[in-house]
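Asks: I am sharing model_11.pdb, which consists of PDB, C-alpha atoms, pLDDT in the B column:
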```pdb
MODEL        1
ATOM      1  CA  MET Q   1     -24.214  12.389  12.168  1.00 76.00           C
ATOM      2  CA  THR Q   2     -24.069  10.085   9.150  1.00 92.00           C
ATOM      3  CA  LEU Q   3     -20.966  10.686   7.065  1.00 95.00           C
ATOM      4  CA  PRO Q   4     -21.291  10.724   3.267  1.00 94.00           C
ATOM      5  CA  GLU Q   5     -20.184   7.516   1.582  1.00 96.00           C
ATOM      6  CA  LEU Q   6     -17.090   7.682  -0.579  1.00 96.00           C
ATOM      7  CA  LYS Q   7     -15.684   4.851  -2.699  1.00 97.00           C
ATOM      8  CA  ILE Q   8     -12.217   5.102  -4.179  1.00 97.00           C
ATOM      9  CA  THR Q   9      -9.569   2.794  -5.637  1.00 97.00           C
ATOM     10  CA  VAL Q  10      -5.905   2.813  -4.634  1.00 98.00           C
ATOM     11  CA  TYR Q  11      -3.013   1.160  -6.492  1.00 98.00           C
ATOM     12  CA  SER Q  12      -0.278   0.442  -4.011  1.00 98.00           C
ATOM     13  CA  ASP Q  13       2.666  -1.725  -2.895  1.00 98.00           C
ATOM     14  CA  TYR Q  14       3.931  -2.309   0.641  1.00 98.00           C
ATOM     15  CA  ILE Q  15       7.556  -1.511  -0.275  1.00 97.00           C
ATOM     16  CA  CYS Q  16       6.720   1.864  -1.850  1.00 95.00           C
ATOM     17  CA  PRO Q  17       7.546   4.665   0.634  1.00 92.00           C
ATOM     18  CA  PHE Q  18       5.125   7.132  -0.887  1.00 92.00           C
ATOM     19  CA  CYS Q  19       2.355   4.504  -0.797  1.00 96.00           C
ATOM     20  CA  TYR Q  20       3.023   4.364   2.943  1.00 96.00           C
ATOM     21  CA  VAL Q  21       2.746   8.146   3.292  1.00 95.00           C
ATOM     22  CA  GLY Q  22      -0.294   8.242   1.001  1.00 95.00           C
ATOM     23  CA  HIS Q  23      -2.007   5.597   3.108  1.00 96.00           C
ATOM     24  CA  HIS Q  24      -1.612   7.719   6.250  1.00 96.00           C
ATOM     25  CA  ARG Q  25      -2.859  10.872   4.522  1.00 96.00           C
ATOM     26  CA  LEU Q  26      -5.812   9.081   2.955  1.00 96.00           C
ATOM     27  CA  GLN Q  27      -6.999   7.640   6.267  1.00 96.00           C
ATOM     28  CA  ARG Q  28      -7.510  11.172   7.572  1.00 96.00           C
ATOM     29  CA  LEU Q  29     -10.484  11.512   5.217  1.00 97.00           C
ATOM     30  CA  ARG Q  30     -12.373   9.182   7.552  1.00 97.00           C
ATOM     31  CA  ASP Q  31     -13.130  12.199   9.760  1.00 96.00           C
ATOM     32  CA  SER Q  32     -15.419  13.479   6.991  1.00 97.00           C
ATOM     33  CA  TYR Q  33     -16.438  10.440   4.937  1.00 97.00           C
ATOM     34  CA  ASP Q  34     -17.563   6.853   5.292  1.00 97.00           C
ATOM     35  CA  LEU Q  35     -14.604   5.732   3.229  1.00 96.00           C
ATOM     36  CA  THR Q  36     -14.554   2.461   1.280  1.00 97.00           C
ATOM     37  CA  ILE Q  37     -11.230   1.741  -0.427  1.00 97.00           C
ATOM     38  CA  ASN Q  38     -10.634  -0.856  -3.102  1.00 97.00           C
ATOM     39  CA  TRP Q  39      -6.964  -1.713  -2.512  1.00 98.00           C
ATOM     40  CA  CYS Q  40      -5.417  -2.888  -5.788  1.00 98.00           C
ATOM     41  CA  PHE Q  41      -1.935  -4.204  -5.105  1.00 98.00           C
ATOM     42  CA  LEU Q  42       0.777  -3.951  -7.757  1.00 98.00           C
ATOM     43  CA  GLU Q  43       4.226  -5.515  -7.454  1.00 96.00           C
ATOM     44  CA  ILE Q  44       6.675  -2.751  -8.336  1.00 94.00           C
ATOM     45  CA  HIS Q  45      10.006  -4.591  -8.074  1.00 93.00           C
ATOM     46  CA  PRO Q  46       9.456  -8.212  -9.152  1.00 94.00           C
ATOM     47  CA  GLU Q  47      13.148  -8.453 -10.007  1.00 93.00           C
ATOM     48  CA  THR Q  48      14.152  -8.063  -6.348  1.00 94.00           C
ATOM     49  CA  SER Q  49      14.958 -11.163  -4.301  1.00 95.00           C
ATOM     50  CA  ALA Q  50      12.907 -12.121  -1.248  1.00 95.00           C
ATOM     51  CA  GLU Q  51      16.143 -12.220   0.754  1.00 95.00           C
ATOM     52  CA  GLY Q  52      16.410  -8.447   0.334  1.00 93.00           C
ATOM     53  CA  GLU Q  53      18.977  -6.281  -1.417  1.00 91.00           C
ATOM     54  CA  PRO Q  54      20.726  -2.997  -0.543  1.00 89.00           C
ATOM     55  CA  ILE Q  55      18.584   0.019  -1.248  1.00 82.00           C
ATOM     56  CA  ASP Q  56      21.212   1.378  -3.631  1.00 79.00           C
ATOM     57  CA  SER Q  57      20.647  -1.651  -5.891  1.00 79.00           C
ATOM     58  CA  LEU Q  58      17.607   0.180  -7.266  1.00 77.00           C
ATOM     59  CA  ASP Q  59      18.149   1.755 -10.645  1.00 74.00           C
ATOM     60  CA  TYR Q  60      17.911   5.378  -9.494  1.00 72.00           C
ATOM     61  CA  PRO Q  61      20.594   8.048  -9.878  1.00 72.00           C
ATOM     62  CA  SER Q  62      22.161   8.519  -6.436  1.00 68.00           C
ATOM     63  CA  GLU Q  63      21.343  12.240  -6.256  1.00 77.00           C
ATOM     64  CA  GLN Q  64      17.697  11.633  -7.212  1.00 76.00           C
ATOM     65  CA  TRP Q  65      17.338   8.857  -4.641  1.00 72.00           C
ATOM     66  CA  GLN Q  66      18.859  10.943  -1.851  1.00 80.00           C
ATOM     67  CA  GLN Q  67      16.476  13.776  -2.667  1.00 85.00           C
ATOM     68  CA  MET Q  68      13.507  11.385  -2.575  1.00 81.00           C
ATOM     69  CA  LEU Q  69      14.577  10.047   0.817  1.00 82.00           C
ATOM     70  CA  ALA Q  70      15.091  13.570   2.164  1.00 87.00           C
ATOM     71  CA  ASN Q  71      11.585  14.553   1.045  1.00 88.00           C
ATOM     72  CA  LEU Q  72      10.146  11.400   2.573  1.00 87.00           C
ATOM     73  CA  GLU Q  73      11.849  12.000   5.920  1.00 89.00           C
ATOM     74  CA  ARG Q  74      10.708  15.641   5.948  1.00 92.00           C
ATOM     75  CA  ILE Q  75       7.085  14.673   5.275  1.00 91.00           C
ATOM     76  CA  ALA Q  76       7.159  11.937   7.913  1.00 91.00           C
ATOM     77  CA  LYS Q  77       8.561  14.322  10.518  1.00 92.00           C
ATOM     78  CA  GLU Q  78       6.139  17.147   9.701  1.00 93.00           C
ATOM     79  CA  GLU Q  79       3.100  14.839   9.783  1.00 92.00           C
ATOM     80  CA  ASP Q  80       4.213  12.596  12.651  1.00 94.00           C
ATOM     81  CA  ILE Q  81       4.279   9.464  10.482  1.00 94.00           C
ATOM     82  CA  PRO Q  82       6.499   6.758  12.035  1.00 94.00           C
ATOM     83  CA  LEU Q  83       9.479   6.004   9.793  1.00 94.00           C
ATOM     84  CA  SER Q  84      12.913   4.471  10.191  1.00 90.00           C
ATOM     85  CA  GLY Q  85      15.782   4.687   7.715  1.00 82.00           C
ATOM     86  CA  LEU Q  86      15.383   2.577   4.585  1.00 84.00           C
ATOM     87  CA  SER Q  87      18.398   0.325   4.166  1.00 85.00           C
ATOM     88  CA  PHE Q  88      17.118  -2.487   1.927  1.00 92.00           C
ATOM     89  CA  ILE Q  89      14.548  -3.363  -0.708  1.00 93.00           C
ATOM     90  CA  THR Q  90      12.749  -6.694  -0.884  1.00 96.00           C
ATOM     91  CA  ASN Q  91      10.301  -8.620  -3.006  1.00 97.00           C
ATOM     92  CA  SER Q  92       6.725  -7.786  -2.039  1.00 98.00           C
ATOM     93  CA  LYS Q  93       4.772 -10.420  -3.962  1.00 98.00           C
ATOM     94  CA  ASP Q  94       4.079 -12.742  -1.017  1.00 98.00           C
ATOM     95  CA  ALA Q  95       2.946  -9.822   1.147  1.00 98.00           C
ATOM     96  CA  LEU Q  96       0.579  -8.699  -1.612  1.00 98.00           C
ATOM     97  CA  LEU Q  97      -0.817 -12.212  -2.042  1.00 98.00           C
ATOM     98  CA  LEU Q  98      -1.338 -12.465   1.712  1.00 98.00           C
ATOM     99  CA  SER Q  99      -3.283  -9.195   1.745  1.00 98.00           C
ATOM    100  CA  GLU Q 100      -5.461 -10.410  -1.104  1.00 98.00           C
ATOM    101  CA  ALA Q 101      -6.190 -13.582   0.887  1.00 98.00           C
ATOM    102  CA  ALA Q 102      -6.908 -11.563   4.039  1.00 98.00           C
ATOM    103  CA  LYS Q 103      -9.674  -9.610   2.302  1.00 97.00           C
ATOM    104  CA  GLN Q 104     -11.941 -12.625   2.820  1.00 96.00           C
ATOM    105  CA  CYS Q 105     -11.435 -12.323   6.604  1.00 97.00           C
ATOM    106  CA  GLY Q 106     -13.339  -9.047   6.857  1.00 96.00           C
ATOM    107  CA  ARG Q 107     -12.475  -5.374   6.950  1.00 96.00           C
ATOM    108  CA  ASN Q 108     -11.031  -5.217  10.471  1.00 97.00           C
ATOM    109  CA  ILE Q 109      -8.606  -8.092  10.024  1.00 98.00           C
ATOM    110  CA  PHE Q 110      -7.581  -6.909   6.580  1.00 98.00           C
ATOM    111  CA  TYR Q 111      -6.779  -3.422   7.846  1.00 97.00           C
ATOM    112  CA  GLU Q 112      -4.865  -4.742  10.846  1.00 98.00           C
ATOM    113  CA  LEU Q 113      -2.677  -6.780   8.489  1.00 98.00           C
ATOM    114  CA  HIS Q 114      -2.430  -3.877   6.043  1.00 98.00           C
ATOM    115  CA  GLU Q 115      -1.167  -1.513   8.757  1.00 97.00           C
ATOM    116  CA  LYS Q 116       1.219  -4.076  10.222  1.00 98.00           C
ATOM    117  CA  LEU Q 117       2.821  -4.894   6.860  1.00 98.00           C
ATOM    118  CA  PHE Q 118       3.537  -1.223   6.221  1.00 98.00           C
ATOM    119  CA  SER Q 119       4.856  -0.739   9.762  1.00 97.00           C
ATOM    120  CA  ALA Q 120       6.963  -3.901   9.704  1.00 98.00           C
ATOM    121  CA  TYR Q 121       8.893  -2.616   6.702  1.00 97.00           C
ATOM    122  CA  PHE Q 122       8.958   1.146   7.201  1.00 96.00           C
ATOM    123  CA  VAL Q 123       9.155   1.326  10.998  1.00 96.00           C
ATOM    124  CA  ASP Q 124      10.631  -1.958  12.241  1.00 97.00           C
ATOM    125  CA  GLY Q 125      12.900  -2.643   9.264  1.00 95.00           C
ATOM    126  CA  LYS Q 126      11.634  -6.210   8.857  1.00 97.00           C
ATOM    127  CA  ASN Q 127      11.929  -8.164   5.625  1.00 98.00           C
ATOM    128  CA  ILE Q 128       8.338  -8.587   4.459  1.00 98.00           C
ATOM    129  CA  GLY Q 129       9.611 -10.663   1.547  1.00 98.00           C
ATOM    130  CA  ASN Q 130      10.319 -13.446   4.034  1.00 98.00           C
ATOM    131  CA  ARG Q 131       7.351 -15.788   4.480  1.00 97.00           C
ATOM    132  CA  GLU Q 132       8.230 -16.556   8.080  1.00 97.00           C
ATOM    133  CA  VAL Q 133       8.083 -12.849   8.887  1.00 98.00           C
ATOM    134  CA  ILE Q 134       4.759 -12.231   7.175  1.00 98.00           C
ATOM    135  CA  ASN Q 135       3.274 -15.471   8.521  1.00 97.00           C
ATOM    136  CA  GLU Q 136       4.041 -14.212  12.017  1.00 98.00           C
ATOM    137  CA  ILE Q 137       2.400 -10.872  11.223  1.00 98.00           C
ATOM    138  CA  ALA Q 138      -0.666 -12.636   9.804  1.00 98.00           C
ATOM    139  CA  GLU Q 139      -0.995 -14.853  12.878  1.00 98.00           C
ATOM    140  CA  SER Q 140      -0.775 -11.785  15.132  1.00 98.00           C
ATOM    141  CA  CYS Q 141      -3.827 -10.447  13.276  1.00 98.00           C
ATOM    142  CA  GLY Q 142      -5.799 -13.607  13.995  1.00 97.00           C
ATOM    143  CA  ILE Q 143      -5.632 -14.944  10.433  1.00 98.00           C
ATOM    144  CA  ASP Q 144      -6.005 -18.719  10.428  1.00 96.00           C
ATOM    145  CA  THR Q 145      -3.418 -21.076   8.945  1.00 96.00           C
ATOM    146  CA  LYS Q 146      -5.744 -22.205   6.145  1.00 97.00           C
ATOM    147  CA  THR Q 147      -6.160 -18.625   4.889  1.00 97.00           C
ATOM    148  CA  ILE Q 148      -2.428 -17.933   5.166  1.00 97.00           C
ATOM    149  CA  ASP Q 149      -1.568 -21.092   3.221  1.00 97.00           C
ATOM    150  CA  SER Q 150      -4.143 -20.201   0.554  1.00 97.00           C
ATOM    151  CA  ALA Q 151      -2.193 -17.028  -0.192  1.00 97.00           C
ATOM    152  CA  TRP Q 152       0.582 -19.158  -1.668  1.00 93.00           C
ATOM    153  CA  THR Q 153      -1.463 -22.059  -3.082  1.00 97.00           C
ATOM    154  CA  ASP Q 154      -4.761 -20.656  -4.367  1.00 97.00           C
ATOM    155  CA  ASP Q 155      -4.415 -19.340  -7.895  1.00 97.00           C
ATOM    156  CA  LYS Q 156      -7.272 -16.874  -7.382  1.00 97.00           C
ATOM    157  CA  HIS Q 157      -4.991 -14.539  -5.413  1.00 97.00           C
ATOM    158  CA  GLN Q 158      -2.386 -14.576  -8.170  1.00 97.00           C
ATOM    159  CA  GLN Q 159      -5.206 -13.924 -10.622  1.00 98.00           C
ATOM    160  CA  ARG Q 160      -6.281 -10.954  -8.534  1.00 97.00           C
ATOM    161  CA  LEU Q 161      -2.823  -9.384  -8.847  1.00 97.00           C
ATOM    162  CA  LEU Q 162      -3.056  -9.841 -12.606  1.00 97.00           C
ATOM    163  CA  GLU Q 163      -6.499  -8.208 -12.604  1.00 97.00           C
ATOM    164  CA  ASN Q 164      -5.058  -5.288 -10.637  1.00 98.00           C
ATOM    165  CA  PHE Q 165      -2.330  -4.886 -13.253  1.00 96.00           C
ATOM    166  CA  ASN Q 166      -4.878  -4.919 -16.087  1.00 96.00           C
ATOM    167  CA  SER Q 167      -7.098  -2.462 -14.212  1.00 95.00           C
ATOM    168  CA  ALA Q 168      -4.149  -0.090 -13.789  1.00 96.00           C
ATOM    169  CA  ARG Q 169      -3.452  -0.232 -17.525  1.00 93.00           C
ATOM    170  CA  LYS Q 170      -7.115   0.542 -18.206  1.00 89.00           C
ATOM    171  CA  HIS Q 171      -6.784   3.730 -16.134  1.00 86.00           C
ATOM    172  CA  ASP Q 172      -3.426   4.472 -17.833  1.00 93.00           C
ATOM    173  CA  ILE Q 173      -1.720   4.188 -14.442  1.00 95.00           C
ATOM    174  CA  GLN Q 174       2.035   3.788 -14.748  1.00 91.00           C
ATOM    175  CA  SER Q 175       3.160   4.030 -11.131  1.00 93.00           C
ATOM    176  CA  VAL Q 176       2.179   3.738  -7.485  1.00 97.00           C
ATOM    177  CA  PRO Q 177       0.716   5.182  -5.467  1.00 97.00           C
ATOM    178  CA  SER Q 178      -2.252   6.121  -7.619  1.00 98.00           C
ATOM    179  CA  PHE Q 179      -5.634   7.120  -6.199  1.00 98.00           C
ATOM    180  CA  VAL Q 180      -8.799   6.967  -8.303  1.00 97.00           C
ATOM    181  CA  PHE Q 181     -11.618   9.299  -7.230  1.00 97.00           C
ATOM    182  CA  GLY Q 182     -14.284   8.615  -9.839  1.00 95.00           C
ATOM    183  CA  GLY Q 183     -12.852   9.978 -13.073  1.00 93.00           C
ATOM    184  CA  ARG Q 184      -9.991  11.777 -11.335  1.00 95.00           C
ATOM    185  CA  VAL Q 185      -6.656  10.013 -10.862  1.00 96.00           C
ATOM    186  CA  LEU Q 186      -4.070  11.339  -8.425  1.00 97.00           C
ATOM    187  CA  THR Q 187      -0.569   9.887  -8.636  1.00 96.00           C
ATOM    188  CA  GLY Q 188       2.559  10.115  -6.515  1.00 92.00           C
ATOM    189  CA  VAL Q 189       2.991  12.261  -3.434  1.00 90.00           C
ATOM    190  CA  VAL Q 190      -0.493  13.710  -2.969  1.00 95.00           C
ATOM    191  CA  ALA Q 191      -1.119  16.411  -0.367  1.00 94.00           C
ATOM    192  CA  GLU Q 192      -3.957  15.886   2.098  1.00 95.00           C
ATOM    193  CA  ALA Q 193      -5.615  19.064   0.804  1.00 96.00           C
ATOM    194  CA  THR Q 194      -5.666  17.585  -2.703  1.00 97.00           C
ATOM    195  CA  PHE Q 195      -7.254  14.389  -1.366  1.00 98.00           C
ATOM    196  CA  ARG Q 196      -9.941  16.467   0.330  1.00 98.00           C
ATOM    197  CA  ASP Q 197     -10.593  18.451  -2.830  1.00 98.00           C
ATOM    198  CA  ALA Q 198     -10.968  15.251  -4.893  1.00 98.00           C
ATOM    199  CA  ALA Q 199     -13.188  13.719  -2.205  1.00 98.00           C
ATOM    200  CA  ALA Q 200     -15.490  16.745  -2.107  1.00 97.00           C
ATOM    201  CA  GLU Q 201     -15.713  16.744  -5.905  1.00 97.00           C
ATOM    202  CA  LEU Q 202     -16.603  13.044  -5.995  1.00 97.00           C
ATOM    203  CA  ALA Q 203     -19.135  13.342  -3.159  1.00 96.00           C
ATOM    204  CA  ALA Q 204     -20.836  16.244  -4.889  1.00 95.00           C
ATOM    205  CA  ALA Q 205     -21.131  14.239  -8.105  1.00 93.00           C
ATOM    206  CA  SER Q 206     -22.553  11.152  -6.366  1.00 84.00           C
TER     207      SER Q 206
ENDMDL
END
```
Any chance you could give the structure as structure tokens?

Replies:
Amino acid sequence: MTLPELKITVYSDYICPFCYVGHHRLQRLRDSYDLTINWCFLEIHPETSAEGEPIDSLDYPSEQWQQMLANLERIAKEEDIPLSGLSFITNSKDALLLSEAAKQCGRNIFYELHEKLFSAYFVDGKNIGNREVINEIAESCGIDTKTIDSAWTDDKHQQRLLENFNSARKHDIQSVPSFVFGGRVLTGVVAEATFRDAAAELAAAS
């Protein structure tokens, strides 16, 4: 059976816990749709050092942050999403640039890197702000040295991040994760049922 085609856009960052959850929920739509996702990466904490900083360095009220973490852990447990405790925040820019560079390597390699970057941070507790760490991840995905180096040296990848930022502003998107289904924008912690409703609506209009 041929699945209906569905094209959506996602604004995301690898250090955003609810982007990680949203990614897992979104992938479940592949059982019903031939899903094509335009991943638009946005750096959410450019002020954070690549060496990593304690999670409580984020400018969130302690009570609010604890509630967010509790909700995240509950969702991960209920939906069998691998997750370890978050103890630090890092700068994600190099990881985002690497993913932009990896898009030229084809869908399979891009998605292998995409999954491994999320897992490295949220499951293995690795610092994906460290170039040595993300270089190792990229090499494990079969990405050649020339492509890896281009992530840091080719201005077109930096330009792509700027284009993502401008695209988000055009859609009046203020935060990640945000999911664009045609004219419908879903932001934050989106239930799988809501994804399926938006998908069905978009497929019917196509």

Asks: If the PyMOL selection byres ((chain Q and resi 99) around 12) is run on the structure shown, which residues does it catch, given as number ranges by chain?

Replies: Q: 12-14, 39-42, 92-98, 100-107, 109-118, 128, 134-135, 137-138, 141, 143, 147-148, 150-152, 157-158, 160-161

Asks: For the file shown, report as a list in words the outcome of the PyMOL selection byres ((chain Q and resi 57) around 12) at residue level.

Replies: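 Output from the PyMOL selection byres ((chain Q and resi 57) around 12), applied to this file: His45, Glu47, Thr48, Ser49, Gly52, Glu53, Pro54, Ile55, Asp56, Leu58, Asp59, Tyr60, Pro61, Ser62, Trp65, Ser87, Phe88, Ile89 and Thr90 of chain Q.
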
Asks: Grab the CA of Glu43 in chain Q to CA of Ile15 in chain Q distance for me, in Å with one decimal place.

Replies: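 Taking CA of Glu43 in chain Q and CA of Ile15 in chain Q, their separation equals 8.9 Å.
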
Asks: Translate the PyMOL selection byres ((chain Q and resi 72) around 12), as applied to the file shown, into an explicit residue set as a PyMOL selection string.

Replies: chain Q and resi 16-22+65-71+73-86+122+188-189

Asks: Using only C-alpha atoms, can you tell me which of Q:Tyr11, Q:Phe165, Q:Phe181, Q:Tyr121 comes closest to His23 in chain Q?

Replies: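 Smallest distance to His23 in chain Q is found for Q:Tyr11.
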
Asks: What is the distance between CA of Leu3 in chain Q and CA of Asp31 in chain Q, in Å to one decimal?

Replies: 8.4 Å

Asks: Which residue out of Q:Gln159, Q:Ser167, Q:Asn91, Q:Thr145 has the minimum interatomic distance to Asn130 in chain Q when all atoms listed in the file are used?

Replies: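 Using all atoms listed in the file, the shortest distance to Asn130 in chain Q belongs to Q:Asn91.
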
Asks: May I ask for the distance between CA of Gly183 in chain Q and CA of Lys7 in chain Q, given in Å to one decimal place?

Replies: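 CA of Lys7 in chain Q lies 11.9 Å from CA of Gly183 in chain Q.
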
Asks: Could you name the residues that touch Arg169 in chain Q at 12 Å or less, counting only C-alpha atoms, but leaving out those on the same chain fewer than 5 positions away, as JSON, numbers by chain?

Replies: {"Q": [11, 42, 162, 163, 164, 174, 175, 178]}

Asks: Between Q:Val185, Q:Ala168, Q:Val180, Q:Ala50, which one has atoms that come closest to Asn127 in chain Q, using only C-alpha atoms?

Replies: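 With only C-alpha atoms as the atom set, the closest residue is Q:Ala50.
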
Asks: Could you give me range 62-84 of chain Q completed to N, CA and C atoms, formatted as a short mmCIF file (atom, residue, chain, number, x, y, z; two decimals), in the coordinates of the input?

Replies:
```
data_model
loop_
_atom_site.label_atom_id
_atom_site.label_comp_id
_atom_site.auth_asym_id
_atom_site.auth_seq_id
_atom_site.Cartn_x
_atom_site.Cartn_y
_atom_site.Cartn_z
N SER Q 62 21.93 8.32 -7.87
CA SER Q 62 22.16 8.52 -6.44
C SER Q 62 21.59 9.84 -5.94
N GLU Q 63 21.82 10.92 -6.68
CA GLU Q 63 21.34 12.24 -6.26
C GLU Q 63 19.81 12.27 -6.18
N GLN Q 64 19.16 11.67 -7.18
CA GLN Q 64 17.70 11.63 -7.21
C GLN Q 64 17.16 10.84 -6.02
N TRP Q 65 17.79 9.70 -5.73
CA TRP Q 65 17.34 8.86 -4.64
C TRP Q 65 17.50 9.56 -3.30
N GLN Q 66 18.63 10.23 -3.10
CA GLN Q 66 18.86 10.94 -1.85
C GLN Q 66 17.84 12.05 -1.65
N GLN Q 67 17.48 12.72 -2.74
CA GLN Q 67 16.48 13.78 -2.67
C GLN Q 67 15.11 13.20 -2.30
N MET Q 68 14.78 12.05 -2.89
CA MET Q 68 13.51 11.38 -2.58
C MET Q 68 13.44 11.01 -1.10
N LEU Q 69 14.54 10.45 -0.59
CA LEU Q 69 14.58 10.05 0.82
C LEU Q 69 14.47 11.26 1.74
N ALA Q 70 15.14 12.35 1.35
CA ALA Q 70 15.09 13.57 2.16
C ALA Q 70 13.66 14.11 2.23
N ASN Q 71 12.97 14.09 1.08
CA ASN Q 71 11.58 14.55 1.04
C ASN Q 71 10.69 13.66 1.89
N LEU Q 72 10.93 12.35 1.80
CA LEU Q 72 10.15 11.40 2.57
C LEU Q 72 10.33 11.63 4.07
N GLU Q 73 11.57 11.79 4.50
CA GLU Q 73 11.85 12.00 5.92
C GLU Q 73 11.25 13.31 6.41
N ARG Q 74 11.28 14.34 5.57
CA ARG Q 74 10.71 15.64 5.95
C ARG Q 74 9.20 15.51 6.14
N ILE Q 75 8.53 14.86 5.19
CA ILE Q 75 7.08 14.67 5.28
C ILE Q 75 6.72 13.88 6.52
N ALA Q 76 7.45 12.79 6.76
CA ALA Q 76 7.16 11.94 7.91
C ALA Q 76 7.31 12.71 9.22
N LYS Q 77 8.33 13.54 9.30
CA LYS Q 77 8.56 14.32 10.52
C LYS Q 77 7.47 15.37 10.70
N GLU Q 78 7.14 16.09 9.62
CA GLU Q 78 6.14 17.15 9.70
C GLU Q 78 4.76 16.60 10.07
N GLU Q 79 4.44 15.39 9.60
CA GLU Q 79 3.10 14.84 9.78
C GLU Q 79 3.05 13.73 10.84
N ASP Q 80 4.15 13.58 11.56
CA ASP Q 80 4.21 12.60 12.65
C ASP Q 80 3.86 11.19 12.16
N ILE Q 81 4.45 10.81 11.03
CA ILE Q 81 4.28 9.46 10.48
C ILE Q 81 5.51 8.65 10.88
N PRO Q 82 5.34 7.55 11.61
CA PRO Q 82 6.50 6.76 12.04
C PRO Q 82 7.30 6.27 10.84
N LEU Q 83 8.62 6.42 10.91
CA LEU Q 83 9.48 6.00 9.79
C LEU Q 83 10.90 5.81 10.29
N SER Q 84 11.50 4.68 9.91
CA SER Q 84 12.91 4.47 10.19
C SER Q 84 13.67 4.55 8.88
#
```
